[in-house]
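Here's the structure, in structure tokens; my notes come after.
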Amino acid sequence: MGGSCDAIIEGNTAEEMALNGGEHLMEMSDKDEGHKKDKEVMDTSQNDPEHIEKWLAEFKAKFAALPEA
């Protein structure tokens with residue numbers, strides 16, 4: 001997902017992947033500095049609907065371009 005680690009995040013849809021990635025980030029943000037910084041960026045962007053919309057559109061496009069597993 002482009003975060004601080006190379007954890008495998010799974011999901012059948014882009015939305016499920018984003019949700020699972022967010023859950024991973026929340027679980028790990030108290031455990032290491034990289035995840036903490038990623039969470040700070042995510043928290044800041046939550047107040048910017050245009051940023052969220054753009055990020056989600058890009059994420060969905062990347063997900064759609066992946067080969068089927």
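Letters A, B, ... go to the chains of the structure tokens in the order shown; residues in each chain start at 1; ligands are counted from 1 in the same order.
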
Q.
Give me, as number ranges by chain, the residues of chain A that a backbone DSSP run labels alpha helix (DSSP H).
A. A: 14-28, 33-45, 49-65

Per-residue nearest contacts of stretch 28-66 of chain A to stretch 16-21 of chain A (10 Å; only C-alpha atoms) as a Markdown table:
```
| residue | atom | partner | partner_atom | distance |
| --- | --- | --- | --- | --- |
| A:Leu56 | CA | A:Ala18 | CA | 8.4 |
| A:Phe59 | CA | A:Ala18 | CA | 8.2 |
| A:Lys60 | CA | A:Ala18 | CA | 9.3 |
| A:Phe63 | CA | A:Met17 | CA | 8.8 |
```

Save the residues we just selected, N, CA and C atoms, as a PDB file, in the first residue's frame?
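So part13.pdb came out as:
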```
ATOM      1  N   LEU A  56      -8.210   8.219  -2.850  1.00  0.00           N
ATOM      2  CA  LEU A  56      -9.021   7.027  -3.081  1.00  0.00           C
ATOM      3  C   LEU A  56      -9.133   6.709  -4.570  1.00  0.00           C
ATOM      4  N   PHE A  59      -5.853   5.184  -5.548  1.00  0.00           N
ATOM      5  CA  PHE A  59      -5.733   3.852  -4.965  1.00  0.00           C
ATOM      6  C   PHE A  59      -6.591   2.852  -5.727  1.00  0.00           C
ATOM      7  N   LYS A  60      -7.828   3.239  -6.053  1.00  0.00           N
ATOM      8  CA  LYS A  60      -8.713   2.344  -6.806  1.00  0.00           C
ATOM      9  C   LYS A  60      -8.139   2.036  -8.185  1.00  0.00           C
ATOM     10  N   PHE A  63      -5.343  -0.446  -7.739  1.00  0.00           N
ATOM     11  CA  PHE A  63      -5.913  -1.751  -7.406  1.00  0.00           C
ATOM     12  C   PHE A  63      -6.482  -2.417  -8.655  1.00  0.00           C
TER      13      PHE A  63
END
```

Q: Give me the residues within 9 Å of A:His24 as a list in words, counting only C-alpha atoms and dropping any in the same chain fewer than 5 places off.
A: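 Near neighbours after the sequence-gap exclusion: Ala7, Ile9, Leu19 and Ser29 of chain A.
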
Please dump the current selection as a PDB file, in the first residue's frame; keep C-alpha atoms.
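File written: result.pdb
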```pdb
ATOM      1  CA  ALA A   7       3.278  -6.058   5.645  1.00  0.00           C
ATOM      2  CA  ILE A   9      -2.465  -6.261   3.374  1.00  0.00           C
ATOM      3  CA  LEU A  19      -9.923  -0.420   5.374  1.00  0.00           C
ATOM      4  CA  SER A  29       1.136   3.481  15.067  1.00  0.00           C
TER       5      SER A  29
END
```

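Coordinates place atom CA of A:Ser4 at a distance of 12.5 Å from atom CA of A:Glu40.
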
(Q) If we count only C-alpha atoms and set the cut-off at 12 Å, which residues sit around stretch 42-55 of chain A, ignoring sequence neighbours fewer than 4 positions away in its own chain? Please answer as an NGL selection string. (A) :A and (1 or 3 or 14-15 or 18 or 21-22 or 25-26 or 29 or 35-38 or 59-62)

Q | Between atom CA of A:Lys31 and atom CA of A:Thr13, distance in Å (one decimal) | A | 27.5 Å
